[in-house]
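Trainee: You'll find work16.csv just under this line, and it carries CSV, C-alpha atoms and all ligand atoms.
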chain,number,residue,atom,x,y,z
W,12,MET,CA,23.6,-31.7,3.3
W,13,ASN,CA,20.6,-31.9,0.9
W,14,ASN,CA,18.7,-28.8,1.6
W,15,THR,CA,15.6,-30.0,-0.2
W,16,SER,CA,15.1,-33.0,2.2
W,17,PRO,CA,12.3,-32.8,4.8
W,18,ASN,CA,13.6,-31.2,7.9
W,19,GLN,CA,14.2,-32.8,11.3
W,20,GLY,CA,11.0,-34.4,12.5
W,21,THR,CA,9.5,-34.2,15.9
W,22,SER,CA,10.8,-37.0,18.1
W,23,ALA,CA,8.4,-38.8,20.5
W,24,GLU,CA,10.1,-37.1,23.5
W,25,THR,CA,9.5,-33.7,21.9
W,26,SER,CA,5.8,-34.2,21.5
W,27,ALA,CA,5.5,-35.5,25.1
W,28,SER,CA,6.6,-32.1,26.4
W,29,GLU,CA,4.8,-29.8,24.0
W,30,LYS,CA,3.2,-26.7,25.4
W,31,PRO,CA,0.1,-25.8,23.4
W,32,PHE,CA,0.3,-22.9,21.0
W,33,THR,CA,-2.3,-20.4,22.0
W,34,GLY,CA,-1.8,-17.7,19.4
W,35,LEU,CA,0.7,-15.0,18.4
W,36,ILE,CA,1.6,-12.0,20.6
W,37,ILE,CA,0.8,-8.5,19.3
W,38,ARG,CA,3.9,-6.2,19.3
W,39,GLU,CA,2.2,-3.6,17.1
W,40,LYS,CA,-1.4,-3.5,15.8
W,41,GLU,CA,-0.9,-1.4,12.7
W,42,PRO,CA,1.1,-2.3,10.8
W,43,GLU,CA,0.7,-5.8,12.1
W,44,ASN,CA,3.8,-7.1,14.0
W,45,LEU,CA,3.3,-10.4,15.7
W,46,GLU,CA,5.5,-12.6,17.8
W,47,PHE,CA,5.6,-16.4,18.1
W,48,PRO,CA,5.5,-17.4,21.8
W,49,PHE,CA,8.8,-19.3,21.8
W,50,SER,CA,7.9,-21.6,24.7
W,51,ALA,CA,5.3,-23.2,22.2
W,52,LEU,CA,8.1,-24.5,20.0
W,53,SER,CA,7.3,-28.1,19.1
W,54,SER,CA,8.8,-29.0,15.7
W,55,ALA,CA,11.6,-28.1,13.3
W,56,ILE,CA,9.1,-26.5,10.9
W,57,THR,CA,7.1,-23.6,12.2
W,58,PRO,CA,3.5,-23.9,11.0
W,59,ASN,CA,2.4,-21.0,8.9
W,60,GLU,CA,-0.1,-19.6,11.3
W,61,GLN,CA,2.6,-19.6,14.1
W,62,PHE,CA,5.2,-17.8,12.1
W,63,PHE,CA,6.0,-14.3,13.4
W,64,VAL,CA,5.1,-11.2,11.2
W,65,ARG,CA,7.4,-8.2,10.9
W,66,SER,CA,6.1,-5.5,8.5
W,67,HIS,CA,7.0,-1.8,8.3
W,68,PHE,CA,3.9,-0.8,6.4
W,69,PRO,CA,0.4,-2.1,5.7
W,70,VAL,CA,0.1,-5.1,3.4
W,71,PRO,CA,-0.1,-4.0,-0.2
W,72,LYS,CA,-2.8,-5.5,-2.4
W,73,ALA,CA,-1.7,-7.8,-5.2
W,74,ASP,CA,-3.6,-9.3,-8.2
W,75,PRO,CA,-1.6,-12.2,-9.6
W,76,LYS,CA,-3.2,-11.7,-13.0
W,77,THR,CA,-1.7,-8.2,-13.5
W,78,TRP,CA,1.3,-8.5,-11.2
W,79,GLN,CA,4.7,-8.2,-12.8
W,80,LEU,CA,8.2,-8.6,-11.5
W,81,LYS,CA,10.5,-5.9,-13.1
W,82,ILE,CA,14.2,-6.5,-13.4
W,83,GLU,CA,16.2,-3.3,-14.2
W,84,GLY,CA,19.7,-2.2,-14.6
W,85,CYS,CA,20.6,-5.2,-16.7
W,86,GLY,CA,20.0,-3.7,-20.1
W,87,GLU,CA,17.2,-1.8,-21.9
W,88,PRO,CA,14.3,-2.1,-21.7
W,89,ALA,CA,13.4,-3.5,-18.2
W,90,PHE,CA,12.8,-7.2,-18.2
W,91,GLU,CA,9.4,-8.3,-16.9
W,92,LEU,CA,8.1,-11.6,-15.6
W,93,SER,CA,4.5,-12.5,-14.9
W,94,TYR,CA,3.4,-14.5,-11.9
W,95,GLU,CA,2.3,-17.3,-14.2
W,96,LYS,CA,5.7,-17.4,-16.0
W,97,LEU,CA,7.6,-17.5,-12.7
W,98,ARG,CA,5.4,-20.4,-11.4
W,99,SER,CA,6.2,-22.3,-14.6
W,100,MET,CA,10.0,-22.0,-14.1
W,101,PRO,CA,12.1,-24.8,-12.4
W,102,SER,CA,11.7,-24.5,-8.7
W,103,ARG,CA,13.6,-25.4,-5.6
W,104,THR,CA,12.7,-25.8,-1.9
W,105,VAL,CA,14.9,-24.3,0.8
W,106,SER,CA,14.5,-24.9,4.6
W,107,MET,CA,15.5,-21.6,6.2
W,108,VAL,CA,15.4,-20.1,9.7
W,109,MET,CA,14.3,-16.5,9.5
W,110,GLU,CA,15.3,-14.3,12.4
W,111,CYS,CA,14.5,-10.7,12.7
W,112,ALA,CA,17.7,-8.7,13.4
W,113,GLY,CA,15.8,-7.1,16.4
W,114,ASN,CA,14.8,-10.4,18.0
W,115,SER,CA,15.5,-10.5,21.8
W,116,ARG,CA,15.6,-6.7,21.9
W,117,ILE,CA,13.5,-6.7,25.1
W,118,PHE,CA,16.5,-8.1,27.0
W,119,LEU,CA,18.7,-5.1,26.3
W,120,SER,CA,19.2,-2.8,29.2
W,121,PRO,CA,18.9,0.1,29.2
W,122,LYS,CA,15.9,-0.2,26.9
W,123,VAL,CA,16.4,0.8,23.2
W,124,MET,CA,14.1,2.0,20.4
W,125,GLY,CA,12.3,-0.5,18.3
W,126,LEU,CA,9.8,-3.3,18.7
W,127,GLN,CA,10.3,-5.1,22.0
W,128,TRP,CA,10.6,-8.7,20.8
W,129,GLU,CA,11.2,-11.5,23.3
W,130,LEU,CA,12.5,-14.8,21.9
W,131,GLY,CA,9.9,-15.3,19.1
W,132,ALA,CA,10.8,-13.0,16.2
W,133,VAL,CA,12.2,-16.2,14.6
W,134,GLY,CA,10.8,-19.2,12.7
W,135,ASN,CA,11.9,-22.0,10.4
W,136,ALA,CA,10.0,-22.8,7.2
W,137,GLU,CA,10.3,-24.5,3.9
W,138,TRP,CA,10.2,-22.0,1.1
W,139,THR,CA,9.6,-22.9,-2.6
W,140,GLY,CA,10.4,-20.7,-5.5
W,141,VAL,CA,12.7,-19.9,-8.4
W,142,PRO,CA,16.4,-19.3,-7.8
W,143,LEU,CA,17.2,-15.6,-8.1
W,144,ALA,CA,20.2,-16.5,-10.2
W,145,ASP,CA,18.0,-18.1,-12.9
W,146,VAL,CA,15.9,-14.9,-13.1
W,147,LEU,CA,19.0,-12.7,-13.3
W,148,LYS,CA,20.6,-14.9,-16.0
W,149,ARG,CA,17.4,-14.6,-18.0
W,150,ALA,CA,17.4,-10.8,-17.7
W,151,GLY,CA,21.2,-10.6,-18.3
W,152,VAL,CA,23.5,-9.1,-15.7
W,153,LYS,CA,25.6,-6.2,-16.9
W,154,SER,CA,29.3,-6.5,-16.3
W,155,GLY,CA,30.3,-4.3,-13.4
W,156,ALA,CA,27.2,-5.1,-11.4
W,157,MET,CA,28.0,-5.6,-7.7
W,158,GLU,CA,24.8,-5.4,-5.8
W,159,VAL,CA,21.2,-6.5,-6.3
W,160,VAL,CA,18.4,-4.4,-4.8
W,161,LEU,CA,15.2,-6.1,-3.9
W,162,GLU,CA,12.2,-3.8,-3.6
W,163,GLY,CA,8.7,-4.5,-2.2
W,164,ALA,CA,5.4,-3.1,-3.2
W,165,ASP,CA,4.7,-1.8,0.3
W,166,ARG,CA,5.2,2.0,0.9
W,167,GLY,CA,5.2,4.5,3.6
W,168,GLU,CA,6.7,7.6,5.2
W,169,ILE,CA,9.5,7.6,7.7
W,170,LYS,CA,8.8,10.3,10.3
W,171,LYS,CA,11.9,9.7,12.4
W,172,GLU,CA,14.8,12.1,11.4
W,173,PRO,CA,16.3,12.0,8.8
W,174,ALA,CA,12.7,11.8,7.5
W,175,SER,CA,12.0,10.3,4.1
W,176,PRO,CA,11.1,12.4,1.1
W,177,GLY,CA,7.4,11.4,1.2
W,178,LYS,CA,6.5,7.7,0.7
W,179,ILE,CA,9.3,5.3,0.0
W,180,SER,CA,9.2,1.5,-0.8
W,181,TYR,CA,10.8,-1.0,1.4
W,182,ALA,CA,14.1,-2.1,-0.2
W,183,ARG,CA,17.3,-3.9,0.7
W,184,SER,CA,20.3,-5.0,-1.3
W,185,ILE,CA,22.5,-8.1,-1.3
W,186,PRO,CA,25.9,-8.6,-2.9
W,187,LEU,CA,25.8,-10.0,-6.4
W,188,ALA,CA,27.8,-13.1,-5.4
W,189,LYS,CA,25.1,-13.9,-2.8
W,190,ALA,CA,22.3,-13.2,-5.2
W,191,MET,CA,23.8,-15.7,-7.6
W,192,SER,CA,24.1,-18.4,-4.9
W,193,PRO,CA,21.6,-21.3,-5.5
W,194,GLU,CA,20.0,-21.0,-2.0
W,195,VAL,CA,18.6,-17.5,-2.7
W,196,ILE,CA,15.2,-17.9,-4.2
W,197,LEU,CA,12.1,-15.9,-5.1
W,198,ALA,CA,9.5,-17.8,-3.2
W,199,TYR,CA,5.8,-18.1,-3.8
W,200,GLN,CA,5.2,-21.0,-1.3
W,201,MET,CA,5.8,-21.4,2.4
W,202,ASN,CA,5.5,-24.9,3.9
W,203,GLY,CA,3.7,-26.1,0.8
W,204,GLU,CA,1.0,-23.4,0.7
W,205,ASP,CA,0.9,-20.2,-1.3
W,206,ILE,CA,2.5,-17.5,0.8
W,207,SER,CA,-0.1,-15.5,2.7
W,208,PRO,CA,-0.6,-11.8,2.3
W,209,ALA,CA,1.2,-11.1,5.7
W,210,HIS,CA,4.3,-13.1,4.6
W,211,GLY,CA,4.6,-11.5,1.2
W,212,TYR,CA,2.0,-12.7,-1.3
W,213,PRO,CA,2.5,-13.2,-4.2
W,214,LEU,CA,6.3,-13.3,-4.1
W,215,ARG,CA,9.1,-12.7,-1.7
W,216,ALA,CA,12.8,-13.0,-1.6
W,217,ILE,CA,14.3,-15.7,0.6
W,218,VAL,CA,18.0,-15.0,1.5
W,219,PRO,CA,19.2,-17.8,3.7
W,220,GLY,CA,22.1,-16.9,6.0
W,221,HIS,CA,21.0,-13.3,6.3
W,222,TYR,CA,18.7,-11.7,8.9
W,223,GLY,CA,15.0,-11.4,8.0
W,224,MET,CA,15.2,-7.8,6.6
W,225,ALA,CA,17.0,-9.2,3.5
W,226,SER,CA,14.1,-11.4,2.6
W,227,VAL,CA,12.0,-8.7,1.0
W,228,LYS,CA,8.2,-9.4,0.9
W,229,TRP,CA,5.8,-8.4,-1.8
W,230,LEU,CA,8.8,-8.2,-4.2
W,231,ASN,CA,8.0,-6.5,-7.5
W,232,ARG,CA,11.2,-4.9,-8.6
W,233,ILE,CA,14.9,-6.0,-8.8
W,234,LEU,CA,17.7,-3.6,-9.7
W,235,THR,CA,21.3,-4.4,-10.3
W,236,LEU,CA,23.8,-1.7,-9.3
W,237,ASP,CA,27.4,-1.0,-10.0
W,238,GLN,CA,27.9,0.7,-6.6
W,239,PRO,CA,26.8,0.0,-3.0
W,240,PHE,CA,23.1,0.7,-2.5
W,241,ARG,CA,22.5,3.6,-0.1
W,242,GLY,CA,18.8,3.2,0.6
W,243,TYR,CA,17.1,3.9,3.9
W,244,TRP,CA,17.0,0.4,5.3
W,245,GLN,CA,20.6,-0.1,4.1
W,246,THR,CA,22.3,2.9,5.6
W,247,SER,CA,19.9,4.5,8.2
W,248,ASP,CA,18.1,1.6,9.6
W,249,TYR,CA,19.5,-2.0,10.0
W,250,THR,CA,23.1,-0.8,10.5
W,251,TYR,CA,25.8,-1.4,13.1
W,252,TRP,CA,29.2,0.1,13.9
W,253,ASN,CA,32.2,-1.5,12.3
W,254,GLN,CA,35.3,-1.0,14.4
W,255,HIS,CA,38.9,-0.5,13.6
W,256,ASN,CA,41.6,-0.3,16.3
W,257,GLY,CA,38.9,0.0,18.9
W,258,MET,CA,37.3,2.9,17.1
W,259,PRO,CA,33.8,2.8,15.6
W,260,ILE,CA,34.6,4.0,12.0
W,261,GLN,CA,31.7,3.1,9.8
W,262,LEU,CA,28.0,2.2,9.8
W,263,LEU,CA,27.6,-1.1,7.9
W,264,PRO,CA,24.4,-2.8,6.9
W,265,VAL,CA,23.3,-5.7,9.1
W,266,SER,CA,23.5,-8.8,6.9
W,267,GLU,CA,24.7,-12.2,8.0
W,268,VAL,CA,23.0,-14.1,10.8
W,269,GLU,CA,25.1,-14.6,14.0
W,270,VAL,CA,25.3,-17.9,15.8
W,271,LYS,CA,22.6,-18.2,18.5
W,272,ALA,CA,20.8,-20.8,20.7
W,273,GLU,CA,17.5,-20.1,22.4
W,274,ILE,CA,15.8,-21.9,25.2
W,275,SER,CA,12.2,-22.7,24.6
W,276,ARG,CA,11.7,-24.6,27.8
W,277,PRO,CA,11.9,-23.8,30.6
W,278,ALA,CA,10.3,-20.4,29.8
W,279,LEU,CA,11.3,-17.3,31.7
W,280,TYR,CA,10.1,-17.6,35.4
W,281,GLU,CA,8.6,-21.1,34.8
W,282,ALA,CA,8.0,-23.2,37.9
W,283,VAL,CA,10.3,-26.2,37.7
W,284,PRO,CA,10.0,-29.2,40.1
W,285,ALA,CA,12.9,-29.7,42.5
W,286,ASN,CA,14.8,-32.9,42.6
W,287,SER,CA,13.6,-34.1,39.2
W,288,VAL,CA,14.9,-34.5,35.7
W,289,TYR,CA,13.6,-31.6,33.5
W,290,ARG,CA,14.0,-31.8,29.8
W,291,MET,CA,15.4,-28.5,28.6
W,292,PHE,CA,14.6,-27.9,24.9
W,293,GLY,CA,15.3,-25.2,22.3
W,294,ALA,CA,16.7,-24.3,18.9
W,295,ALA,CA,20.0,-23.1,17.5
W,296,TRP,CA,21.0,-21.5,14.2
W,297,THR,CA,23.8,-19.6,12.5
W,298,GLY,CA,24.6,-17.8,9.2
W,299,GLU,CA,26.9,-19.2,6.4
W,300,SER,CA,27.8,-22.2,8.6
W,301,GLU,CA,26.2,-25.0,10.6
W,302,ILE,CA,25.7,-25.7,14.3
W,303,ALA,CA,28.5,-27.7,15.8
W,304,LYS,CA,27.4,-27.8,19.4
W,305,VAL,CA,25.0,-26.4,22.0
W,306,GLU,CA,26.0,-26.1,25.6
W,307,VAL,CA,23.9,-25.6,28.7
W,308,SER,CA,24.8,-24.1,32.0
W,309,VAL,CA,22.6,-24.6,35.1
W,310,ASP,CA,25.1,-23.0,37.6
W,311,GLY,CA,25.4,-19.4,36.4
W,312,ALA,CA,28.0,-20.1,33.7
W,313,LYS,CA,30.5,-21.8,36.0
W,314,THR,CA,30.3,-25.1,34.1
W,315,TRP,CA,28.9,-26.0,30.7
W,316,GLN,CA,27.4,-29.3,29.6
W,317,THR,CA,26.9,-30.5,26.1
W,318,ALA,CA,23.3,-30.6,24.9
W,319,GLN,CA,22.1,-33.2,22.5
W,320,LEU,CA,21.5,-32.0,18.9
W,321,LEU,CA,18.3,-33.5,17.5
W,322,GLY,CA,17.6,-34.6,13.8
W,323,ASP,CA,20.1,-33.8,11.1
W,324,SER,CA,22.0,-30.7,10.3
W,325,VAL,CA,20.4,-28.8,7.4
W,326,LYS,CA,22.4,-25.7,6.2
W,327,TYR,CA,20.4,-22.5,6.8
W,328,ALA,CA,17.7,-24.3,8.9
W,329,TRP,CA,17.7,-24.2,12.7
W,330,ARG,CA,18.6,-27.3,14.7
W,331,LEU,CA,16.6,-28.4,17.7
W,332,TRP,CA,18.4,-29.5,20.9
W,333,GLU,CA,17.6,-31.0,24.3
W,334,TYR,CA,19.3,-31.4,27.7
W,335,HIS,CA,18.1,-33.5,30.6
W,336,TRP,CA,18.6,-31.3,33.7
W,337,ARG,CA,18.8,-32.9,37.1
W,338,THR,CA,17.1,-30.1,39.0
W,339,PRO,CA,18.3,-28.9,42.5
W,340,VAL,CA,16.9,-30.5,45.7
W,341,GLN,CA,16.6,-27.0,47.3
W,342,PRO,CA,13.8,-24.8,46.0
W,343,GLY,CA,14.6,-21.2,44.9
W,344,ARG,CA,15.5,-19.0,42.0
W,345,HIS,CA,17.8,-20.7,39.4
W,346,THR,CA,19.4,-19.5,36.2
W,347,VAL,CA,19.8,-21.6,33.1
W,348,MET,CA,21.6,-20.6,30.0
W,349,ALA,CA,22.4,-22.0,26.5
W,350,ARG,CA,25.1,-21.1,24.0
W,351,ALA,CA,25.8,-22.4,20.5
W,352,THR,CA,29.0,-22.8,18.5
W,353,ASP,CA,29.1,-23.2,14.8
W,354,THR,CA,31.4,-25.2,12.6
W,355,ARG,CA,33.6,-22.1,12.0
W,356,GLY,CA,34.3,-22.0,15.7
W,357,ARG,CA,32.1,-18.9,16.3
W,358,THR,CA,30.4,-18.9,19.7
W,359,GLN,CA,27.9,-16.6,21.4
W,360,PRO,CA,29.5,-13.9,23.6
W,361,MET,CA,28.6,-13.6,27.3
W,362,GLU,CA,28.4,-9.7,27.1
W,363,ARG,CA,26.5,-7.4,24.8
W,364,ASP,CA,28.6,-5.7,22.2
W,365,THR,CA,27.2,-2.2,22.0
W,366,HIS,CA,28.6,-1.6,18.5
W,367,ARG,CA,25.7,-3.8,17.4
W,368,GLY,CA,23.2,-1.0,18.2
W,369,THR,CA,19.7,-2.3,18.4
W,370,TYR,CA,20.3,-5.5,16.3
W,371,MET,CA,22.0,-8.9,16.3
W,372,ILE,CA,21.2,-9.6,20.0
W,373,THR,CA,23.0,-12.9,20.6
W,374,HIS,CA,24.8,-12.6,23.9
W,375,VAL,CA,23.9,-15.4,26.3
W,376,GLN,CA,20.5,-14.8,27.9
W,377,PRO,CA,20.1,-16.0,31.5
W,378,ILE,CA,16.7,-17.6,31.9
W,379,GLU,CA,15.5,-17.4,35.5
W,380,VAL,CA,13.3,-20.2,36.8
W,381,GLU,CA,11.6,-21.0,40.1
W,382,VAL,CA,12.6,-24.4,41.4
W,383,ARG,CA,9.7,-25.6,43.6
W,384,ASN,CA,9.0,-28.5,45.8
W,385,VAL,CA,5.5,-29.0,44.6
W,386,ARG,CA,4.5,-31.9,42.4
W,387,GLY,CA,1.8,-32.0,39.7
W,388,THR,CA,2.0,-28.4,38.8
W,389,GLY,CA,1.1,-29.2,35.2
W,390,SER,CA,4.6,-29.5,33.9
W,391,THR,CA,5.0,-32.3,31.5
W,392,ASP,CA,8.7,-31.6,31.0
W,393,SER,CA,10.0,-33.4,34.0
W,394,TYR,CA,9.8,-36.6,36.1
W,395,ALA,CA,10.7,-37.3,39.7
W,396,ILE,CA,13.7,-39.5,40.4
W,401,LIG,N1,8.6,-5.5,1.6
W,401,LIG,C1,8.9,-5.8,2.9
W,401,LIG,N2,9.7,-6.9,3.1
W,401,LIG,C2,10.1,-7.2,4.4
W,401,LIG,C3,9.7,-6.4,5.5
W,401,LIG,C4,8.9,-5.3,5.2
W,401,LIG,O1,8.5,-4.5,6.1
W,401,LIG,N3,8.5,-5.0,3.9
W,401,LIG,N4,10.2,-6.7,6.7
W,401,LIG,C5,11.5,-7.4,6.7
W,401,LIG,C6,11.8,-7.9,8.1
W,401,LIG,S1,12.5,-6.7,9.1
W,401,LIG,C7,11.7,-9.2,8.4
W,401,LIG,S2,12.3,-9.7,9.9
W,401,LIG,C8,11.1,-10.2,7.6
W,401,LIG,C9,9.9,-10.8,8.3
W,401,LIG,O2,9.2,-11.8,7.5
W,401,LIG,P1,7.8,-12.4,8.0
W,401,LIG,O3,6.9,-11.2,8.3
W,401,LIG,O4,7.3,-13.2,6.9
W,401,LIG,O5,8.1,-13.1,9.3
W,401,LIG,O6,10.6,-9.6,6.4
W,401,LIG,C10,11.4,-8.6,5.8
W,401,LIG,N5,10.9,-8.3,4.5
W,402,MO,MO,13.4,-7.8,10.9
Do you think you could lay out the structure here as structure tokens?
Mentor:
Amino acid sequence: MNNTSPNQGTSAETSASEKPFTGLIIREKEPENLEFPFSALSSAITPNEQFFVRSHFPVPKADPKTWQLKIEGCGEPAFELSYEKLRSMPSRTVSMVMECAGNSRIFLSPKVMGLQWELGAVGNAEWTGVPLADVLKRAGVKSGAMEVVLEGADRGEIKKEPASPGKISYARSIPLAKAMSPEVILAYQMNGEDISPAHGYPLRAIVPGHYGMASVKWLNRILTLDQPFRGYWQTSDYTYWNQHNGMPIQLLPVSEVEVKAEISRPALYEAVPANSVYRMFGAAWTGESEIAKVEVSVDGAKTWQTAQLLGDSVKYAWRLWEYHWRTPVQPGRHTVMARATDTRGRTQPMERDTHRGTYMITHVQPIEVEVRNVRGTGSTDSYAI
């Protein structure tokens, strides 16, 4: 698929059932961490002001006139690029779903540490910038390099043990092979506008196929390494237990996105009219693959029906879907679920895998709704039959 084409548009049906967007939800005031209310999903592209924000530290100030991107480890001295120079280089636009690895954490029971995201630490935007490979080729990659570290200008202290040695900068690495892939870009625009301060102005990495933590914001330094990077967010935070013969043997960095479908509507505990057709609606995404199908269950996972995928498949972007649910005649509590499968045959698990720690929360989420006899409750997603 051509990844530079405009993404799936909103169909007429979609707009007919839109719930208005009434603002982001605060998960933390300082630093600012904001969630998109997922029931307001209305189009394949998340508008900039609706895009969730996940930041570990306050937004660093940046002056594009003096700002420099430093590339080190490729030879002496460090290679530098100005903002102006970067903007003059050939660019590319990539449509990418960005999901925070901790998205859906509030559904874990017992409760775990970390921001308590519901369904909205995820969004899909078109990012424009320079392929990282072009910048690395200009700087010259030393033979033996195996990882590329991306460092942001934001800094802070980690108080949780093991505490950091004073202030440290946010940094993550990706394998060299991924860094050289054409979809990985250094982006200065988001949906056709210069990236806002909250989302990484003036420059951020965009690493399609990986969870959000790899897409380093306020990027000002790139380092190539001939050994695995052992930084804080690579080895202490954003890790999960790799298993061998049923034994957890090694903490590995969270990296590739797992396949997942989310239900936008009905929302949790929404009142759904009985004996009607309700249009269920949501989005599905995966990592280095594409969505093959989304299935819906309205009977507690006894049977699964195929949902309709909307628009075209765009690698690394999410795919919208819908399903027309004939709601029960009898009022009462009902559970609906959705699960996605990708073209590699990977599908969402029903149970939580505890080796994933506090990240990669993709097991099937039951969404409870209240089926009611009343009509005209304001729902535009259904019609009587
Ligand atoms: N420099 C820097 N980059 C960062 C982060 C950060 O705190 N500092 N947060 C990461 C995480 S955990 C996520 S999920 C995404 C969120 O990007 P957004 O705020 O634009 O949605 O940015 C990533 N890049
Ligand atoms: Mo994240």
Trainee: Within 7 Å of ligand LIG 401 (chain W) (counting all atoms listed in the file), which residues show up? I'd like them as a list of chain:residue names.
Mentor: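 The distance check yields W:Phe62, W:Phe63, W:Val64, W:Arg65, W:Ser66, W:His67, W:Phe68, W:Glu110, W:Cys111, W:Ala112, W:Glu162, W:Gly163, W:Ala164, W:Asp165, W:Tyr181, W:Ala182, W:Ala209, W:His210, W:Gly211, W:Tyr222, W:Gly223, W:Met224, W:Ala225, W:Ser226, W:Val227, W:Lys228, W:Trp229, W:Leu230.
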Trainee: Between W:Asn256, W:Thr358, W:Thr235, W:Ser247, which is the closest to Ile169 (chain W) once you count all atoms listed in the file?
Mentor: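 The shortest atom-to-atom distance to Ile169 (chain W) comes from W:Ser247.
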Trainee: Skip Ser324 (chain W) itself and residues of its chain fewer than 2 positions away, then list as a list in words all residues within 8 Å of it, counting only C-alpha atoms.
Mentor: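 Surrounding residues, per the criterion: Met12, Glu301, Ile302, Gly322, Lys326, Ala328 and Arg330 of chain W.
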Trainee: May I have the residues within 7 Å of Tyr251 (chain W) as a PyMOL selection string, using all atoms listed in the file and disregarding those fewer than 5 positions away in the same chain?
Mentor: chain W and resi 262-265+366-368
Trainee: Calculated over all atoms listed in the file, which of the candidates W:Arg166, W:Lys148, W:Lys81, W:Arg116 has the smallest distance to ligand MO 402 (chain W)?
Mentor: W:Arg116
Trainee: Please, what distance in Å, to one decimal, runs between CA of Ile56 (chain W) and CA of Glu137 (chain W)?
Mentor: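 Atom-to-atom, CA of Ile56 (chain W) to CA of Glu137 (chain W), that is 7.4 Å.
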Trainee: If we count all atoms listed in the file, what is near Ile37 (chain W) at a cut-off of 12 Å, once residues fewer than 4 positions away on the same chain are taken out, given as a PyMOL selection string?
Mentor: chain W and resi 41-48+63-65+126-129+131-132
Trainee: If we count only C-alpha atoms and set the cut-off at 7 Å, which residues sit around region 183-200 of chain W, ignoring sequence neighbours fewer than 4 positions away in its own chain? Please answer as number ranges by chain.
Mentor: W: 105, 138-144, 157-162, 204-206, 213-219, 225, 240, 244-245
Trainee: Skipping near chain neighbours, those fewer than 5 positions away, what residues fall within 9 Å of Glu299 (chain W) using all atoms listed in the file, listed as a ChimeraX atom specification?
Mentor: /W:219-221,267-268,326-327
Trainee: Just how far from CA of Pro173 (chain W) is CA of Thr246 (chain W), in Å to one decimal?
Mentor: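 Answer for the CA of Thr246 (chain W) to CA of Pro173 (chain W) separation: 11.4 Å.
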Trainee: Between W:Leu236, W:Val307, W:Met291, W:Met258, single out the one closest to Ser154 (chain W), counting all atoms listed in the file.
Mentor: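 When distances to Ser154 (chain W) are compared using all atoms listed in the file, the smallest one comes from W:Leu236.
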Trainee: Every residue with an atom at most 10 Å from (23.9, -28.1, 20.2) (file coordinates; all atoms listed in the file) is what I'm after, so could you write them as a list in words?
Mentor: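 Counting all atoms listed in the file, I find these residues within 10 Å of (23.9, -28.1, 20.2): Ala272, Gly293, Ala294, Ala295, Trp296, Ile302, Ala303, Lys304, Val305, Glu306, Val307, Thr317, Ala318, Gln319, Leu320, Leu321, Arg330, Leu331, Trp332, Glu333, Tyr334, Ala349, Arg350, Ala351, Thr352 and Asp353 of chain W.
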Trainee: Generate the output file for the selected residues, C-alpha atoms, as a PDB file, keeping the file's coordinate frame.
Mentor:
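File out-v2.pdb, as written:
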ATOM      1  CA  ALA W 272      20.800 -20.800  20.700  1.00  0.00           C
ATOM      2  CA  GLY W 293      15.300 -25.200  22.300  1.00  0.00           C
ATOM      3  CA  ALA W 294      16.700 -24.300  18.900  1.00  0.00           C
ATOM      4  CA  ALA W 295      20.000 -23.100  17.500  1.00  0.00           C
ATOM      5  CA  TRP W 296      21.000 -21.500  14.200  1.00  0.00           C
ATOM      6  CA  ILE W 302      25.700 -25.700  14.300  1.00  0.00           C
ATOM      7  CA  ALA W 303      28.500 -27.700  15.800  1.00  0.00           C
ATOM      8  CA  LYS W 304      27.400 -27.800  19.400  1.00  0.00           C
ATOM      9  CA  VAL W 305      25.000 -26.400  22.000  1.00  0.00           C
ATOM     10  CA  GLU W 306      26.000 -26.100  25.600  1.00  0.00           C
ATOM     11  CA  VAL W 307      23.900 -25.600  28.700  1.00  0.00           C
ATOM     12  CA  THR W 317      26.900 -30.500  26.100  1.00  0.00           C
ATOM     13  CA  ALA W 318      23.300 -30.600  24.900  1.00  0.00           C
ATOM     14  CA  GLN W 319      22.100 -33.200  22.500  1.00  0.00           C
ATOM     15  CA  LEU W 320      21.500 -32.000  18.900  1.00  0.00           C
ATOM     16  CA  LEU W 321      18.300 -33.500  17.500  1.00  0.00           C
ATOM     17  CA  ARG W 330      18.600 -27.300  14.700  1.00  0.00           C
ATOM     18  CA  LEU W 331      16.600 -28.400  17.700  1.00  0.00           C
ATOM     19  CA  TRP W 332      18.400 -29.500  20.900  1.00  0.00           C
ATOM     20  CA  GLU W 333      17.600 -31.000  24.300  1.00  0.00           C
ATOM     21  CA  TYR W 334      19.300 -31.400  27.700  1.00  0.00           C
ATOM     22  CA  ALA W 349      22.400 -22.000  26.500  1.00  0.00           C
ATOM     23  CA  ARG W 350      25.100 -21.100  24.000  1.00  0.00           C
ATOM     24  CA  ALA W 351      25.800 -22.400  20.500  1.00  0.00           C
ATOM     25  CA  THR W 352      29.000 -22.800  18.500  1.00  0.00           C
ATOM     26  CA  ASP W 353      29.100 -23.200  14.800  1.00  0.00           C
TER      27      ASP W 353
END
Trainee: Provide the CA of Ile117 (chain W) to CA of Tyr243 (chain W) distance in Å, to one decimal place.
Mentor: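 These atoms are spaced 24.0 Å apart.
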Trainee: May I ask which of the residues W:Glu362, W:Glu381, W:Asp323, W:Glu95 is the closest one to Gln341 (chain W), counting only C-alpha atoms?
Mentor: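 Ranking W:Glu362, W:Glu381, W:Asp323, W:Glu95 by distance to Gln341 (chain W), first place goes to W:Glu381.
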Trainee: Have a look at W:Met371, W:Ala174, W:Ala312, W:Val146 and name the one nearest to ligand MO 402 (chain W); count only C-alpha atoms and all ligand atoms.
Mentor: W:Met371
Trainee: Choose the residue, out of W:Asp145, W:Glu60, W:Glu91, W:Asp248, that has the smallest atom-to-atom separation from ligand MO 402 (chain W); count only C-alpha atoms and all ligand atoms.
Mentor: W:Asp248
